[in-house]
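Asks: The structure is given below, and queries will be raised subsequently.
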Amino acid sequence: MKSYPFTFAVTTILLWALFSLPALAFGLKAKGSSEGMAYQVEQIADGLPIPWGMTFIDDHTLLVTLREGKAVLLDVRSGQRKAVSGLPEVYARGQGGLLDVQLSPDPAAKEWLYFTYTKPVQGGGVTTLARARLSGQRLTQWQDLKVTRSLSDTNRHFGSRIAFDGRGHVFFSVGDRGHRPNGQDLTNHAATVIRLNLDGSVPKDNPFTGRKDASAEIWSYGHRNPQGLAYDTANQRLWEIEHGPRGGDEINLILPGRNYGWPITSHGKEYWGPLAVGEAREKPGIESPVKVYIPSIAPGSLLLYQGDAFPGWKGNLFAGALVLQHLNRIVLDSNGKPVKEERLFEEMGERIRSLVQSKEGYLYFATDSGNLYRVLPK
């Protein structure tokens, strides 16, 4: 008889552990302060294999793309997720797969979701811009807006991120596809930032429109592997971040028709030895980066913070770092010049892949380990 209270107590403890430990595993992961503002980092989901892109489709639901070619709807309040159907066949090899996603903020393309993904072509894959609508858990009216001319014999450097200027245009980035001469070849789309109208047509005022020796879709070129785009609508500035070789990751202010140098100019070195890549770090006629990272942080994303939850961060750029495993914060002056850098969440040891901001101004970041975190005021 005396054993019953003991058994009951043990059972109670085991049940508490069973149901409480998963919740404790999520919870608070980091805390600190920045610009005098206290913050805390909460984990709200796990088990997301390489979550490449994220966009809010309503106040509480993220659509998350997974590089393997799948997507999920995730409730940020509960962490519950639902599979999304209606996706096309995806070339998910190497660095290719289902890449970025953005819900259009432009009234002219209301409720259209824009995607970049690697489309299977001739035994390989090419970066492609598409759009679709979401009906429940299913994507409908899928349209490939631009299947780029970027085929190569490698499975690396596909890019790709999406940004909107709020003036009827969509930008997306394409890597050099592991073939350096593409950086200066205007006849294909590799190593470029592309600008299109929201329906996929080519704007008449694109810098290379009408030229027979260049692709009319190109907005800028000479990019190695651009994996972050962010548009500042207040100042009408397009920011881009890209991988350098061994050292030399760059943040660039993107201007129409400009050459950003790859592989003629670079601040990095060859992987196989201590030799500099290219002819010089800077050359006349080539746009220089506004910021260079040596050693490389390996950027995975770029976001311009415009929320109210952290007023001291307003107007700052944030980049997820893959190799150096932190969230990189860049302070810009009124002329768009980087004047300060801060490295957040280094203690977490996470490869930060994608970023998104909620309407409350909270930051969400997803990592290659499959975790999703939320940064909010303490």
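Note on naming: chains are A, B, ... as they come in the structure tokens, residues start from 1 per chain, ligands start from 1 in the order shown.
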Mind running stretch 136-175 of chain A against stretch 58-74 of chain A at 12 Å and telling me each contacting residue's nearest atom pair with the distance in Å (one decimal), counting only C-alpha atoms, chain and number ascending, as a Markdown table?
Replies:
```
| residue | atom | partner | partner_atom | distance |
| --- | --- | --- | --- | --- |
| A:Gly136 | CA | A:Leu73 | CA | 9.9 |
| A:Gln137 | CA | A:Leu73 | CA | 7.6 |
| A:Arg138 | CA | A:Ala71 | CA | 10.3 |
| A:Leu139 | CA | A:Ala71 | CA | 10.3 |
| A:Phe158 | CA | A:Arg67 | CA | 11.9 |
| A:Ser160 | CA | A:Arg67 | CA | 11.5 |
```
Asks: Write a file of the selected residues as a compact mmCIF listing (two decimals), in the first residue's frame, keeping N, CA and C atoms.
Replies:
```txt
# COMPACT_ATOMS: atom_id res chain seq x y z
N GLY A 136 -5.83 27.74 -50.01
CA GLY A 136 -5.71 26.79 -48.92
C GLY A 136 -4.27 26.38 -48.75
N GLN A 137 -3.99 25.09 -48.98
CA GLN A 137 -2.62 24.59 -48.90
C GLN A 137 -2.04 24.29 -50.27
N ARG A 138 -2.73 24.71 -51.34
CA ARG A 138 -2.30 24.36 -52.69
C ARG A 138 -1.95 25.61 -53.49
N LEU A 139 -0.84 25.54 -54.22
CA LEU A 139 -0.46 26.59 -55.15
C LEU A 139 -1.18 26.37 -56.47
N PHE A 158 23.68 29.20 -57.99
CA PHE A 158 22.41 29.51 -58.65
C PHE A 158 21.84 30.86 -58.17
N SER A 160 19.61 32.42 -55.03
CA SER A 160 18.92 33.49 -55.71
C SER A 160 17.94 34.10 -54.71
```
Asks: Once DSSP has gone over the backbone, tell me which residues of stretch 24-226 of chain A are in strand (DSSP E or B), as a ChimeraX atom specification.
Replies: /A:28-34,37-45,51-56,61-66,70-75,81-83,85,98-103,113-121,124-135,138-147,162-164,169-174,192-197,218-221,226
Asks: Show which residues sit within 8 Å of stretch 173-188 of chain A, as a VMD selection string. Count only C-alpha atoms, and ignore same-chain residues fewer than 6 positions away.
Replies: chain A and resid 127 148 to 152 154 to 162 194 213 to 215 218 221 to 227 229 261 to 263
Asks: From the DSSP assignment of the backbone, select every residue of stretch 64-203 of chain A that is helix (DSSP H, G or I), and format the answer as a list in words.
Replies: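 Of stretch 64-203 of chain A, only Pro107, Ala108, Ala109, Arg180, Pro181, Asn182, Gly183 and Gln184 of chain A fall in helix (DSSP H, G or I).
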Asks: Calculate how many Å separate atom CA of A:Leu317 from atom CA of A:Asp205, rounding to one decimal.
Replies: 27.9 Å
Asks: Quick one: everything within 9 Å of A:Trp52, counting only C-alpha atoms, minus sequence neighbours fewer than 4 positions away in the same chain. Send it as a list in words.
Replies: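 Final neighbour list, sorted by chain and number: Val64, Thr65, Leu66, Arg67, Leu98, Leu99, Asp100, Val101, Gly300, Ser301, Arg353, Ser354, Ala366, Thr367 and Asp368 of chain A.
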Asks: For A:Ala30, work out the shell of residues within 9 Å, counting only C-alpha atoms and skipping chain neighbours fewer than 2 positions away, then give it as a list in words.
Replies: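 So the residues in contact are Leu28, Gly32, Tyr39, Gln40, Val41, Glu42, Phe345, Glu347 and Met348 of chain A.
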Asks: Would you work out the distance separating atom CA of A:Glu242 from atom CA of A:Thr209, expressed in Å to one decimal?
Replies: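 Atom-to-atom, atom CA of A:Glu242 to atom CA of A:Thr209, that is 25.3 Å.
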Asks: Identify, on the basis of only C-alpha atoms, every residue whose closest approach to stretch 333-336 of chain A does not exceed 9 Å; exclude the query and any residue fewer than 3 positions from it along the same chain; express the result as an MDAnalysis selection string.
Replies: chainID A and resid 237 253 290 339
Asks: Name the closest residue to A:Met54 among the candidates A:Leu322, A:Lys212, A:Thr116, A:Pro256; distances are taken between atoms, counting only C-alpha atoms.
Replies: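 Among A:Leu322, A:Lys212, A:Thr116, A:Pro256, it is A:Thr116 that comes nearest to A:Met54.
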